[in-house]
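**Q** Structure file final-v4.cif (mmCIF, C-alpha atoms) is given on the next line.
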data_model
#
loop_
_atom_site.label_atom_id
_atom_site.label_comp_id
_atom_site.auth_asym_id
_atom_site.auth_seq_id
_atom_site.Cartn_x
_atom_site.Cartn_y
_atom_site.Cartn_z
CA MET W 248 -60.44 12.70 -17.35
CA THR W 249 -58.48 13.92 -14.37
CA ALA W 250 -56.34 11.10 -13.08
CA THR W 251 -55.06 10.94 -9.52
CA ALA W 252 -53.06 7.78 -10.14
CA THR W 253 -52.42 5.14 -12.73
CA THR W 254 -52.28 1.38 -12.57
CA THR W 255 -49.85 -0.70 -14.54
CA ALA W 256 -51.46 -3.19 -16.85
CA ALA W 257 -48.27 -4.90 -17.98
CA ALA W 258 -44.73 -3.98 -17.05
CA THR W 259 -41.29 -5.42 -17.61
CA VAL W 260 -37.86 -4.32 -16.53
CA SER W 261 -34.95 -4.19 -18.92
CA GLY W 262 -31.34 -3.10 -19.01
CA ALA W 263 -30.02 -1.78 -15.71
CA GLY W 264 -33.42 -1.34 -14.16
CA THR W 265 -35.32 1.19 -16.25
CA ALA W 266 -38.98 0.55 -16.98
CA ASP W 267 -39.25 0.01 -20.72
CA PRO W 268 -41.92 2.45 -21.94
CA THR W 269 -42.62 0.26 -24.96
CA ALA W 270 -43.35 -2.72 -22.74
CA THR W 271 -45.80 -1.00 -20.45
CA ALA W 272 -49.39 0.05 -20.93
CA THR W 273 -50.98 2.02 -18.11
CA VAL W 274 -54.65 2.76 -17.83
CA ASP W 275 -56.51 5.41 -15.89
CA PRO W 276 -58.24 3.89 -12.84
CA THR W 277 -61.29 6.16 -13.17
CA ALA W 278 -62.14 4.74 -16.59
CA ASP W 279 -64.61 1.97 -15.57
CA LEU W 280 -62.06 -0.67 -16.51
CA THR W 281 -63.21 -4.13 -17.51
CA GLY W 282 -61.75 -6.96 -19.53
CA ALA W 283 -58.25 -8.20 -20.13
CA ASP W 284 -54.98 -6.35 -20.48
CA PRO W 285 -54.83 -5.26 -24.16
CA ILE W 286 -51.36 -6.75 -24.49
CA ASP W 287 -52.61 -10.15 -23.25
CA ASP W 288 -55.62 -10.04 -25.60
CA PRO W 289 -54.61 -7.75 -28.50
CA GLY W 290 -57.29 -8.92 -30.91
CA ALA W 291 -60.08 -7.71 -28.63
CA HIS W 292 -59.16 -4.03 -28.91
CA ARG W 293 -58.97 -1.15 -31.36
CA VAL W 294 -56.63 1.81 -30.83
CA LEU W 295 -57.05 5.34 -32.19
CA THR W 296 -54.08 7.66 -31.96
CA GLY W 297 -52.55 10.47 -33.99
CA ASP W 298 -51.08 13.95 -34.20
CA ARG W 299 -51.72 17.34 -35.74
CA PRO W 300 -49.46 18.07 -38.73
CA THR W 301 -47.99 21.30 -37.39
CA GLY W 302 -44.33 20.43 -37.76
CA PRO W 303 -41.83 17.58 -37.38
CA LEU W 304 -42.25 15.03 -34.60
CA HIS W 305 -39.54 15.13 -31.96
CA LEU W 306 -37.88 12.92 -29.36
CA GLY W 307 -40.66 13.55 -26.85
CA HIS W 308 -43.21 12.18 -29.30
CA TYR W 309 -41.06 9.13 -29.95
CA PHE W 310 -40.46 8.10 -26.33
CA GLY W 311 -43.86 9.30 -25.16
CA THR W 312 -46.08 7.65 -27.79
CA LEU W 313 -44.49 6.46 -31.04
CA ARG W 314 -42.52 3.56 -29.59
CA ASN W 315 -45.57 2.32 -27.76
CA ARG W 316 -47.73 2.59 -30.91
CA VAL W 317 -45.29 0.40 -32.79
CA ARG W 318 -45.21 -2.10 -29.96
CA LEU W 319 -49.01 -2.30 -29.83
CA GLN W 320 -49.09 -2.77 -33.62
CA ASP W 321 -46.48 -5.50 -33.43
CA ARG W 322 -48.49 -7.31 -30.76
CA GLY W 323 -51.51 -7.42 -33.07
CA VAL W 324 -53.69 -4.62 -31.70
CA GLU W 325 -55.82 -3.06 -34.46
CA MET W 326 -54.37 0.42 -34.96
CA PHE W 327 -55.85 3.59 -36.46
CA VAL W 328 -53.42 6.51 -36.81
CA LEU W 329 -54.99 9.88 -37.53
CA VAL W 330 -53.29 12.82 -39.22
CA ALA W 331 -55.49 15.51 -37.67
CA ASP W 332 -55.13 18.08 -40.44
CA TYR W 333 -58.52 19.74 -39.88
CA GLN W 334 -57.61 20.36 -36.25
CA VAL W 335 -54.69 22.55 -37.32
CA ILE W 336 -57.08 25.41 -38.05
CA THR W 337 -58.46 25.44 -34.51
CA ASP W 338 -55.65 27.73 -33.38
CA ARG W 339 -54.03 28.97 -36.58
CA ASP W 340 -55.30 31.60 -39.00
CA ILE W 341 -53.51 29.95 -41.93
CA ALA W 342 -52.69 26.26 -42.28
CA ASP W 343 -49.30 27.01 -43.80
CA ARG W 344 -47.61 24.15 -45.73
CA LEU W 345 -50.27 21.73 -44.51
CA ALA W 346 -49.84 19.17 -47.31
CA GLU W 347 -46.07 19.10 -46.75
CA HIS W 348 -46.47 18.74 -42.99
CA THR W 349 -49.00 15.94 -43.51
CA GLU W 350 -46.62 13.95 -45.70
CA ASN W 351 -43.75 14.56 -43.29
CA LEU W 352 -45.86 13.29 -40.40
CA VAL W 353 -46.51 10.07 -42.31
CA LEU W 354 -42.79 9.93 -43.03
CA ASP W 355 -42.01 10.10 -39.31
CA TYR W 356 -44.60 7.41 -38.58
CA LEU W 357 -43.16 4.98 -41.12
CA ALA W 358 -39.57 5.68 -40.11
CA ALA W 359 -40.47 4.96 -36.49
CA GLY W 360 -41.86 1.55 -37.48
CA LEU W 361 -45.58 1.94 -38.14
CA ASP W 362 -46.53 -0.44 -40.94
CA PRO W 363 -49.36 0.70 -43.26
CA ASP W 364 -50.20 -2.96 -43.92
CA ARG W 365 -51.01 -3.38 -40.23
CA ALA W 366 -52.02 0.15 -39.20
CA THR W 367 -54.61 2.37 -40.89
CA VAL W 368 -52.95 5.76 -41.44
CA PHE W 369 -55.33 8.43 -42.73
CA ALA W 370 -56.00 12.18 -42.81
CA HIS W 371 -58.98 13.68 -41.00
CA SER W 372 -59.97 15.77 -44.04
CA ALA W 373 -60.28 12.63 -46.21
CA VAL W 374 -63.13 11.16 -44.11
CA PRO W 375 -66.27 13.35 -44.50
CA ALA W 376 -68.57 11.12 -42.42
CA LEU W 377 -66.26 11.58 -39.44
CA ASN W 378 -67.04 15.30 -39.41
CA GLN W 379 -70.78 14.67 -39.71
CA LEU W 380 -70.64 12.95 -36.33
CA LEU W 381 -69.49 16.22 -34.80
CA LEU W 382 -72.97 17.83 -34.87
CA PRO W 383 -74.90 15.25 -32.82
CA PHE W 384 -71.92 14.96 -30.49
CA LEU W 385 -71.86 18.74 -29.88
CA SER W 386 -75.49 18.56 -28.79
CA LEU W 387 -74.43 16.32 -25.90
CA VAL W 388 -71.85 18.70 -24.37
CA SER W 389 -72.49 22.07 -22.72
CA VAL W 390 -70.59 25.27 -23.44
CA ALA W 391 -69.57 25.43 -19.79
CA GLU W 392 -68.02 21.95 -19.99
CA LEU W 393 -65.99 22.93 -23.03
CA SER W 394 -64.94 26.28 -21.53
CA ARG W 395 -63.44 24.73 -18.42
CA ASN W 396 -61.55 21.97 -20.24
CA PRO W 397 -57.94 22.49 -19.01
CA THR W 398 -56.35 21.41 -22.28
CA VAL W 399 -58.45 23.92 -24.21
CA LYS W 400 -57.41 26.60 -21.73
CA ASP W 401 -53.74 25.76 -22.31
CA GLU W 402 -54.14 25.77 -26.09
CA ILE W 403 -55.87 29.17 -25.91
CA ALA W 404 -53.09 30.54 -23.71
CA HIS W 405 -50.48 29.57 -26.31
CA SER W 406 -52.56 30.51 -29.34
CA SER W 407 -51.10 32.99 -31.83
CA GLN W 408 -54.54 34.38 -32.60
CA ALA W 409 -55.72 37.73 -31.22
CA ALA W 410 -59.23 36.32 -30.66
CA VAL W 411 -60.22 32.75 -29.93
CA ASN W 412 -62.44 31.23 -32.63
CA GLY W 413 -65.44 29.02 -31.97
CA LEU W 414 -63.73 25.99 -33.46
CA MET W 415 -61.21 26.01 -30.63
CA PHE W 416 -63.97 25.26 -28.12
CA THR W 417 -65.15 22.30 -30.19
CA TYR W 418 -61.64 20.83 -30.27
CA PRO W 419 -62.35 18.18 -27.58
CA VAL W 420 -65.52 17.11 -29.42
CA HIS W 421 -63.54 16.87 -32.65
CA GLN W 422 -61.30 14.44 -30.83
CA ALA W 423 -64.34 12.54 -29.57
CA ALA W 424 -65.49 12.10 -33.17
CA ASP W 425 -61.99 10.97 -34.15
CA ILE W 426 -62.05 8.29 -31.48
CA LEU W 427 -65.65 7.13 -31.71
CA PHE W 428 -66.09 6.98 -35.49
CA CYS W 429 -64.06 3.75 -35.53
CA LYS W 430 -65.30 2.69 -32.07
CA ALA W 431 -61.81 2.69 -30.61
CA ASP W 432 -61.74 1.48 -27.02
CA LEU W 433 -58.10 2.34 -26.26
CA VAL W 434 -56.41 5.71 -26.82
CA PRO W 435 -52.68 6.21 -26.14
CA VAL W 436 -52.35 9.73 -24.71
CA GLY W 437 -50.09 11.92 -22.66
CA GLN W 438 -51.18 13.10 -19.23
CA ASP W 439 -52.13 16.51 -20.68
CA GLN W 440 -54.63 14.90 -23.07
CA LEU W 441 -56.67 13.10 -20.41
CA PRO W 442 -59.30 15.89 -20.20
CA HIS W 443 -59.98 15.48 -23.93
CA LEU W 444 -60.45 11.76 -23.52
CA GLU W 445 -62.91 12.41 -20.69
CA VAL W 446 -65.00 14.45 -23.15
CA ALA W 447 -65.02 11.48 -25.55
CA ARG W 448 -66.10 9.19 -22.72
CA THR W 449 -68.84 11.63 -21.74
CA VAL W 450 -70.09 11.89 -25.32
CA ALA W 451 -70.16 8.10 -25.68
CA ARG W 452 -72.05 7.65 -22.40
CA ARG W 453 -74.61 10.36 -23.13
CA PHE W 454 -75.18 9.17 -26.70
CA ASN W 455 -75.69 5.59 -25.53
CA GLU W 456 -78.15 6.75 -22.89
CA ARG W 457 -80.13 8.93 -25.28
CA TYR W 458 -79.96 6.78 -28.43
CA PRO W 459 -79.51 3.10 -27.57
CA HIS W 460 -80.17 0.32 -30.06
CA ALA W 461 -83.66 -1.17 -30.09
CA ASP W 462 -82.43 -3.99 -27.86
CA GLY W 463 -80.96 -1.48 -25.41
CA SER W 464 -77.32 -2.12 -26.36
CA ALA W 465 -74.79 0.71 -26.63
CA VAL W 466 -73.67 2.18 -29.93
CA PHE W 467 -70.24 3.31 -28.73
CA PRO W 468 -67.66 1.90 -26.33
CA ARG W 469 -66.33 4.20 -23.60
CA PRO W 470 -62.68 4.60 -24.58
CA ARG W 471 -59.90 4.13 -22.05
CA ALA W 472 -56.54 5.87 -21.77
CA LEU W 473 -53.25 4.10 -22.34
CA LEU W 474 -50.51 6.11 -20.66
CA SER W 475 -46.86 5.51 -21.49
CA GLU W 476 -44.51 4.79 -18.61
CA ALA W 477 -42.00 7.24 -20.12
CA PRO W 478 -42.00 10.47 -18.10
CA MET W 479 -42.62 13.69 -19.99
CA LEU W 480 -39.35 14.89 -21.53
CA LEU W 481 -38.51 18.53 -21.01
CA GLY W 482 -37.50 20.76 -23.89
CA THR W 483 -34.08 22.35 -24.15
CA ASP W 484 -35.44 25.49 -22.44
CA GLY W 485 -36.66 23.54 -19.43
CA GLY W 486 -40.33 23.77 -20.47
CA LYS W 487 -42.66 21.26 -22.05
CA MET W 488 -41.13 19.82 -25.23
CA SER W 489 -43.24 21.14 -28.09
CA LYS W 490 -43.16 21.41 -31.88
CA SER W 491 -44.38 24.99 -31.65
CA ARG W 492 -41.96 26.22 -29.00
CA GLY W 493 -38.70 25.46 -30.80
CA ASN W 494 -37.19 23.54 -27.88
CA ALA W 495 -37.00 20.00 -29.26
CA VAL W 496 -34.81 17.72 -31.38
CA ALA W 497 -36.78 16.55 -34.42
CA LEU W 498 -36.69 12.88 -35.33
CA GLY W 499 -35.34 13.82 -38.74
CA ALA W 500 -32.64 16.20 -37.44
CA SER W 501 -29.10 15.57 -38.64
CA GLU W 502 -26.40 14.55 -36.19
CA ASP W 503 -24.87 18.03 -36.40
CA GLU W 504 -28.25 19.66 -35.77
CA THR W 505 -28.79 17.37 -32.81
CA ALA W 506 -25.42 18.35 -31.33
CA ARG W 507 -26.12 22.06 -31.81
CA ILE W 508 -29.55 21.90 -30.17
CA ILE W 509 -28.33 19.87 -27.20
CA ARG W 510 -25.33 22.19 -26.71
CA GLY W 511 -27.81 25.03 -26.20
CA ALA W 512 -29.90 23.16 -23.62
CA ARG W 513 -30.41 24.80 -20.24
CA THR W 514 -28.59 23.24 -17.25
CA ASP W 515 -27.42 24.71 -13.91
CA ALA W 516 -24.23 25.77 -12.12
CA ASP W 517 -23.65 22.56 -10.15
CA ARG W 518 -20.81 20.62 -11.79
CA ARG W 519 -21.76 17.31 -10.19
CA ILE W 520 -24.34 15.56 -12.37
CA THR W 521 -27.20 13.94 -10.45
CA TYR W 522 -30.64 12.65 -11.34
CA ASP W 523 -33.06 14.77 -9.33
CA PRO W 524 -36.17 15.57 -11.39
CA ALA W 525 -37.76 17.72 -8.68
CA GLY W 526 -34.66 19.69 -7.69
CA ARG W 527 -32.77 19.79 -10.99
CA PRO W 528 -35.36 19.36 -13.76
CA GLU W 529 -33.24 20.63 -16.68
CA VAL W 530 -30.22 18.46 -15.87
CA SER W 531 -32.41 15.49 -15.05
CA GLY W 532 -34.29 15.84 -18.34
CA LEU W 533 -31.03 15.48 -20.25
CA VAL W 534 -29.96 12.53 -18.10
CA LEU W 535 -33.30 10.85 -18.73
CA LEU W 536 -32.98 11.32 -22.49
CA ALA W 537 -29.59 9.60 -22.49
CA ALA W 538 -30.99 6.82 -20.27
CA LEU W 539 -33.91 6.18 -22.61
CA CYS W 540 -31.57 5.97 -25.59
CA GLN W 541 -29.17 3.63 -23.77
CA ASP W 542 -31.93 1.59 -22.07
CA ARG W 543 -30.32 2.17 -18.69
CA ALA W 544 -31.36 3.67 -15.36
CA PRO W 545 -30.94 7.48 -15.29
CA GLU W 546 -29.20 7.23 -11.92
CA ALA W 547 -26.50 5.08 -13.54
CA ILE W 548 -26.00 7.62 -16.32
CA ALA W 549 -25.65 10.45 -13.81
CA GLU W 550 -23.18 8.48 -11.69
CA GLU W 551 -21.09 7.68 -14.75
CA ILE W 552 -20.81 11.36 -15.74
CA GLY W 553 -20.13 12.39 -12.13
CA ASP W 554 -18.12 15.62 -11.90
CA GLY W 555 -17.84 15.99 -15.67
CA GLY W 556 -20.28 18.87 -15.62
CA ALA W 557 -22.69 20.15 -18.24
CA ALA W 558 -20.24 19.70 -21.11
CA ALA W 559 -19.80 15.96 -20.41
CA LEU W 560 -23.53 15.55 -19.88
CA LYS W 561 -24.40 17.18 -23.19
CA ARG W 562 -21.72 15.15 -24.98
CA THR W 563 -23.17 11.93 -23.54
CA VAL W 564 -26.71 12.92 -24.52
CA THR W 565 -25.66 13.88 -28.05
CA GLU W 566 -23.80 10.62 -28.62
CA SER W 567 -26.67 8.58 -27.15
CA VAL W 568 -29.34 10.27 -29.26
CA ASN W 569 -27.36 10.08 -32.48
CA GLU W 570 -26.49 6.43 -31.94
CA TYR W 571 -30.05 5.41 -31.06
CA PHE W 572 -31.75 7.29 -33.89
CA ARG W 573 -29.20 6.55 -36.64
CA PRO W 574 -31.20 3.59 -38.06
CA LEU W 575 -34.49 5.51 -37.89
CA ARG W 576 -32.96 8.49 -39.65
CA ALA W 577 -31.52 6.26 -42.36
CA ARG W 578 -34.98 4.73 -42.96
CA ARG W 579 -36.49 8.18 -43.00
CA ALA W 580 -34.06 9.36 -45.69
CA GLU W 581 -34.91 6.35 -47.87
CA LEU W 582 -38.66 6.88 -47.48
CA ALA W 583 -38.38 10.61 -48.16
CA ALA W 584 -37.10 9.86 -51.65
CA ASP W 585 -40.52 8.46 -52.64
CA ARG W 586 -43.19 11.02 -51.77
CA GLY W 587 -45.67 9.14 -53.94
CA HIS W 588 -45.51 6.22 -51.53
CA LEU W 589 -46.44 8.53 -48.63
CA ARG W 590 -49.47 9.79 -50.53
CA GLN W 591 -50.50 6.22 -51.40
CA VAL W 592 -50.34 5.27 -47.71
CA LEU W 593 -52.81 8.08 -46.98
CA ARG W 594 -55.11 7.08 -49.87
CA THR W 595 -55.22 3.45 -48.78
CA GLY W 596 -55.84 4.44 -45.17
CA ALA W 597 -58.60 6.83 -46.20
CA GLU W 598 -60.42 4.09 -48.12
CA ARG W 599 -60.61 1.90 -45.03
CA ALA W 600 -61.41 4.77 -42.66
CA ASN W 601 -64.22 5.98 -44.95
CA ALA W 602 -65.85 2.56 -45.06
CA ILE W 603 -65.89 2.41 -41.26
CA ALA W 604 -67.01 6.04 -40.83
CA ASP W 605 -69.86 5.61 -43.32
CA ALA W 606 -71.09 2.52 -41.46
CA THR W 607 -70.90 4.29 -38.10
CA LEU W 608 -72.75 7.35 -39.41
CA ALA W 609 -75.48 5.12 -40.86
CA GLU W 610 -75.83 3.42 -37.48
CA VAL W 611 -76.01 6.79 -35.70
CA ARG W 612 -78.69 8.03 -38.10
CA GLU W 613 -80.70 4.87 -37.57
CA VAL W 614 -80.74 5.03 -33.77
CA MET W 615 -81.49 8.77 -33.90
CA GLY W 616 -84.44 8.14 -36.19
CA ALA W 617 -82.98 10.24 -38.98
CA ILE W 618 -84.32 9.84 -42.52
#
Starting from the coordinates I provided, produce the structure as structure tokens.

**A**
Amino acid sequence: MTATATTTAAATVSGAGTADPTATATVDPTADLTGADPIDDPGAHRVLTGDRPTGPLHLGHYFGTLRNRVRLQDRGVEMFVLVADYQVITDRDIADRLAEHTENLVLDYLAAGLDPDRATVFAHSAVPALNQLLLPFLSLVSVAELSRNPTVKDEIAHSSQAAVNGLMFTYPVHQAADILFCKADLVPVGQDQLPHLEVARTVARRFNERYPHADGSAVFPRPRALLSEAPMLLGTDGGKMSKSRGNAVALGASEDETARIIRGARTDADRRITYDPAGRPEVSGLVLLAALCQDRAPEAIAEEIGDGGAAALKRTVTESVNEYFRPLRARRAELAADRGHLRQVLRTGAERANAIADATLAEVREVMGAI
């Protein structure tokens, strides 16, 4: 789904004028929108979201998606949170330390505020019926459509493999199966994931057209994108913040580690600190991070630092991050002491996800006329 603009479904202003990313859900205007704002009618919607367990979640994940997931959960939206462990092997020869990364991902989720009593947290590999949906879904998408998917192109460009495997091209259809197995109608995503969601919408539409119920009704909803109002945070090298590029502060980083990473962040030679995302992206990214942590306008943060230069900016950012994330990190340390609890969260989530996936697969087989 290539979006040219977004519309705000529900927005509030807090603090000194910053849009609160946890209080705003934006939806893509090309998504055939109908019905009420999901925040106004939370019980009418189901959300599917998740991450690949390739390393620790970082501040970009938190402000970009995690805070909004917790808010949607707290408002009563039915939430499915996928640990996409099978998708790790799409661009890696060896899924190194996969079990450890999976548990640590759950740890980050719980520390951030996801509640396994209200959100279904499960691993992709624990739901066999989900993968069985992949085959009929692949029959609905052409090789050309997969080849020109911009997100796939980006993943291939940053792949460590010498040759691209076939599974990489099915990655968007994997995500379609993830979304449609539980018939999610809302998917919180970043701007870079919109092309994948468009594949899921295409698969749903084509399946419904080819295999409707006997009464003509659709099997799958066409999922819509929920875009956070938080702008994309830059990494410390000025590029996209990424687990794999070593340019991010992990949620579980210590205060000393946080200070060291931020000290090494790229800035520029202008001593006067301003908020100018287009002209000064590295400096502005740091200002924005402090603003998000303080719940203030980035312009106010920049004005306060003034002529203090990069050193004062980095000191402000470090103090803001460490203060904001101190409670989360304390919860994370407590949860990390009981790894059995993390595994139980995954087992409980898998039980519920399997029941839903089995029912969906049975429905798909019925409408397809399978024995």

**Q** Would you give me, as JSON lines, each residue of segment 340-446 of chain W having an atom within 9 Å of an atom of segment 311-320 of chain W, along with its shortest atom pair and that distance in Å to one decimal, using all atoms listed in the file and sorting by chain and residue number?

**A**
{"residue": "W:Tyr356", "atom": "CA", "partner": "W:Leu313", "partner_atom": "CA", "distance": 7.6}
{"residue": "W:Ala359", "atom": "CA", "partner": "W:Leu313", "partner_atom": "CA", "distance": 6.9}
{"residue": "W:Gly360", "atom": "CA", "partner": "W:Val317", "partner_atom": "CA", "distance": 5.9}
{"residue": "W:Leu361", "atom": "CA", "partner": "W:Val317", "partner_atom": "CA", "distance": 5.6}
{"residue": "W:Asp362", "atom": "CA", "partner": "W:Gln320", "partner_atom": "CA", "distance": 8.1}
{"residue": "W:Arg365", "atom": "CA", "partner": "W:Gln320", "partner_atom": "CA", "distance": 6.9}
{"residue": "W:Ala366", "atom": "CA", "partner": "W:Gln320", "partner_atom": "CA", "distance": 6.9}
{"residue": "W:Pro435", "atom": "CA", "partner": "W:Thr312", "partner_atom": "CA", "distance": 7.0}
{"residue": "W:Val436", "atom": "CA", "partner": "W:Thr312", "partner_atom": "CA", "distance": 7.3}
{"residue": "W:Gly437", "atom": "CA", "partner": "W:Gly311", "partner_atom": "CA", "distance": 7.2}

**Q** Tell me which protein, DNA and RNA residues are within 10 Å of segment 367-378 of chain W, counting only C-alpha atoms, leaving out same-chain ones fewer than 3 positions away, and put them as a PyMOL selection string.

**A** chain W and resi 295-297+299-300+325-334+349-350+353+356-357+361-364+381-382+421+424-429+590+592-609

**Q** Check what the PyMOL selection byres ((chain W and resi 533) around 12) selects in the file above and give those residues as number ranges by chain.

**A** W: 306-307, 479-485, 495-496, 508-515, 520-524, 527-532, 534-540, 545-546, 548-549, 552, 557-565, 567-568

**Q** Please compute the atom CA of Ala346 of chain W-atom CA of Phe416 of chain W distance, one decimal, in Å.

**A**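 Straight-line distance from atom CA of Ala346 of chain W to atom CA of Phe416 of chain W works out to 24.6 Å.
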
**Q** For a cut-off of 12 Å around (-73.8, 13.0, -30.3), file coordinates, pick out all residues using only C-alpha atoms and list them as a PDB file with C-alpha atoms, in the coordinates of the input.

**A**
ATOM      1  CA  LEU W 377     -66.260  11.580 -39.440  1.00  0.00           C
ATOM      2  CA  ASN W 378     -67.040  15.300 -39.410  1.00  0.00           C
ATOM      3  CA  GLN W 379     -70.780  14.670 -39.710  1.00  0.00           C
ATOM      4  CA  LEU W 380     -70.640  12.950 -36.330  1.00  0.00           C
ATOM      5  CA  LEU W 381     -69.490  16.220 -34.800  1.00  0.00           C
ATOM      6  CA  LEU W 382     -72.970  17.830 -34.870  1.00  0.00           C
ATOM      7  CA  PRO W 383     -74.900  15.250 -32.820  1.00  0.00           C
ATOM      8  CA  PHE W 384     -71.920  14.960 -30.490  1.00  0.00           C
ATOM      9  CA  LEU W 385     -71.860  18.740 -29.880  1.00  0.00           C
ATOM     10  CA  SER W 386     -75.490  18.560 -28.790  1.00  0.00           C
ATOM     11  CA  LEU W 387     -74.430  16.320 -25.900  1.00  0.00           C
ATOM     12  CA  VAL W 388     -71.850  18.700 -24.370  1.00  0.00           C
ATOM     13  CA  SER W 389     -72.490  22.070 -22.720  1.00  0.00           C
ATOM     14  CA  VAL W 420     -65.520  17.110 -29.420  1.00  0.00           C
ATOM     15  CA  HIS W 421     -63.540  16.870 -32.650  1.00  0.00           C
ATOM     16  CA  ALA W 423     -64.340  12.540 -29.570  1.00  0.00           C
ATOM     17  CA  ALA W 424     -65.490  12.100 -33.170  1.00  0.00           C
ATOM     18  CA  LEU W 427     -65.650   7.130 -31.710  1.00  0.00           C
ATOM     19  CA  PHE W 428     -66.090   6.980 -35.490  1.00  0.00           C
ATOM     20  CA  VAL W 446     -65.000  14.450 -23.150  1.00  0.00           C
ATOM     21  CA  ALA W 447     -65.020  11.480 -25.550  1.00  0.00           C
ATOM     22  CA  ARG W 448     -66.100   9.190 -22.720  1.00  0.00           C
ATOM     23  CA  THR W 449     -68.840  11.630 -21.740  1.00  0.00           C
ATOM     24  CA  VAL W 450     -70.090  11.890 -25.320  1.00  0.00           C
ATOM     25  CA  ALA W 451     -70.160   8.100 -25.680  1.00  0.00           C
ATOM     26  CA  ARG W 452     -72.050   7.650 -22.400  1.00  0.00           C
ATOM     27  CA  ARG W 453     -74.610  10.360 -23.130  1.00  0.00           C
ATOM     28  CA  PHE W 454     -75.180   9.170 -26.700  1.00  0.00           C
ATOM     29  CA  ASN W 455     -75.690   5.590 -25.530  1.00  0.00           C
ATOM     30  CA  GLU W 456     -78.150   6.750 -22.890  1.00  0.00           C
ATOM     31  CA  ARG W 457     -80.130   8.930 -25.280  1.00  0.00           C
ATOM     32  CA  TYR W 458     -79.960   6.780 -28.430  1.00  0.00           C
ATOM     33  CA  PRO W 459     -79.510   3.100 -27.570  1.00  0.00           C
ATOM     34  CA  VAL W 466     -73.670   2.180 -29.930  1.00  0.00           C
ATOM     35  CA  PHE W 467     -70.240   3.310 -28.730  1.00  0.00           C
ATOM     36  CA  LEU W 608     -72.750   7.350 -39.410  1.00  0.00           C
ATOM     37  CA  VAL W 611     -76.010   6.790 -35.700  1.00  0.00           C
ATOM     38  CA  ARG W 612     -78.690   8.030 -38.100  1.00  0.00           C
ATOM     39  CA  VAL W 614     -80.740   5.030 -33.770  1.00  0.00           C
ATOM     40  CA  MET W 615     -81.490   8.770 -33.900  1.00  0.00           C
TER      41      MET W 615
END

**Q** Considering only C-alpha atoms, can you say which of W:Asp554, W:Asp298, W:Asp432, W:Asp439 comes closest to Ala516 of chain W?

**A**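 Using only C-alpha atoms, Ala516 of chain W sits closest to W:Asp554.
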
**Q** Rounded to one decimal place, report the atom CA of Arg573 of chain W-atom CA of Leu352 of chain W distance in Å.

**A** 18.4 Å

**Q** So, with all atoms listed in the file as the atoms that count, which of W:Leu414, W:Tyr309, W:Glu613, W:Val390 lies closest to Val335 of chain W?

**A**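 Going through W:Leu414, W:Tyr309, W:Glu613, W:Val390 one by one, the smallest distance to Val335 of chain W is for W:Leu414.
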
**Q** Distance atom CA of Asp355 of chain W-atom CA of Asn569 of chain W, one decimal place?

**A** 16.2 Å

**Q** Taking all atoms of segment 439-442 of chain W that the file lists, what box with edges along x, y and z, padded by 3 Å per side, do you get, with centre and edge lengths in Å to one decimal, as AutoDock Vina command-line options?

**A**
--center_x -55.7 --center_y 14.8 --center_z -21.6 --size_x 13.2 --size_y 9.4 --size_z 8.9

**Q** Dump as a VMD selection string all residues having an atom at most 9 Å from (-63.5, 28.0, -28.7), computed in the file's coordinates with all atoms listed in the file.

**A** chain W and resid 337 393 to 394 399 403 411 to 418

**Q** Could you check which of W:Gln422, W:Asn351, W:Thr301, W:Asn396 is closest to Leu589 of chain W, using all atoms listed in the file?

**A** W:Asn351

**Q** Pull out every residue that the PyMOL selection byres ((chain W and resi 472) around 7) matches in the shown coordinates and put them as a ChimeraX atom specification.

**A** /W:274-275,433-436,470-471,473-474

**Q** For the selection you just gave me, I'd like the residues written to a file as an mmCIF file, keeping the file's coordinate frame, keeping C-alpha atoms.

**A**
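This is the output file out-v6.cif:
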data_model
loop_
_atom_site.group_PDB
_atom_site.id
_atom_site.type_symbol
_atom_site.label_atom_id
_atom_site.label_comp_id
_atom_site.auth_asym_id
_atom_site.auth_seq_id
_atom_site.Cartn_x
_atom_site.Cartn_y
_atom_site.Cartn_z
ATOM 1 C CA VAL W 274 -54.650 2.760 -17.830
ATOM 2 C CA ASP W 275 -56.510 5.410 -15.890
ATOM 3 C CA LEU W 433 -58.100 2.340 -26.260
ATOM 4 C CA VAL W 434 -56.410 5.710 -26.820
ATOM 5 C CA PRO W 435 -52.680 6.210 -26.140
ATOM 6 C CA VAL W 436 -52.350 9.730 -24.710
ATOM 7 C CA PRO W 470 -62.680 4.600 -24.580
ATOM 8 C CA ARG W 471 -59.900 4.130 -22.050
ATOM 9 C CA LEU W 473 -53.250 4.100 -22.340
ATOM 10 C CA LEU W 474 -50.510 6.110 -20.660
#
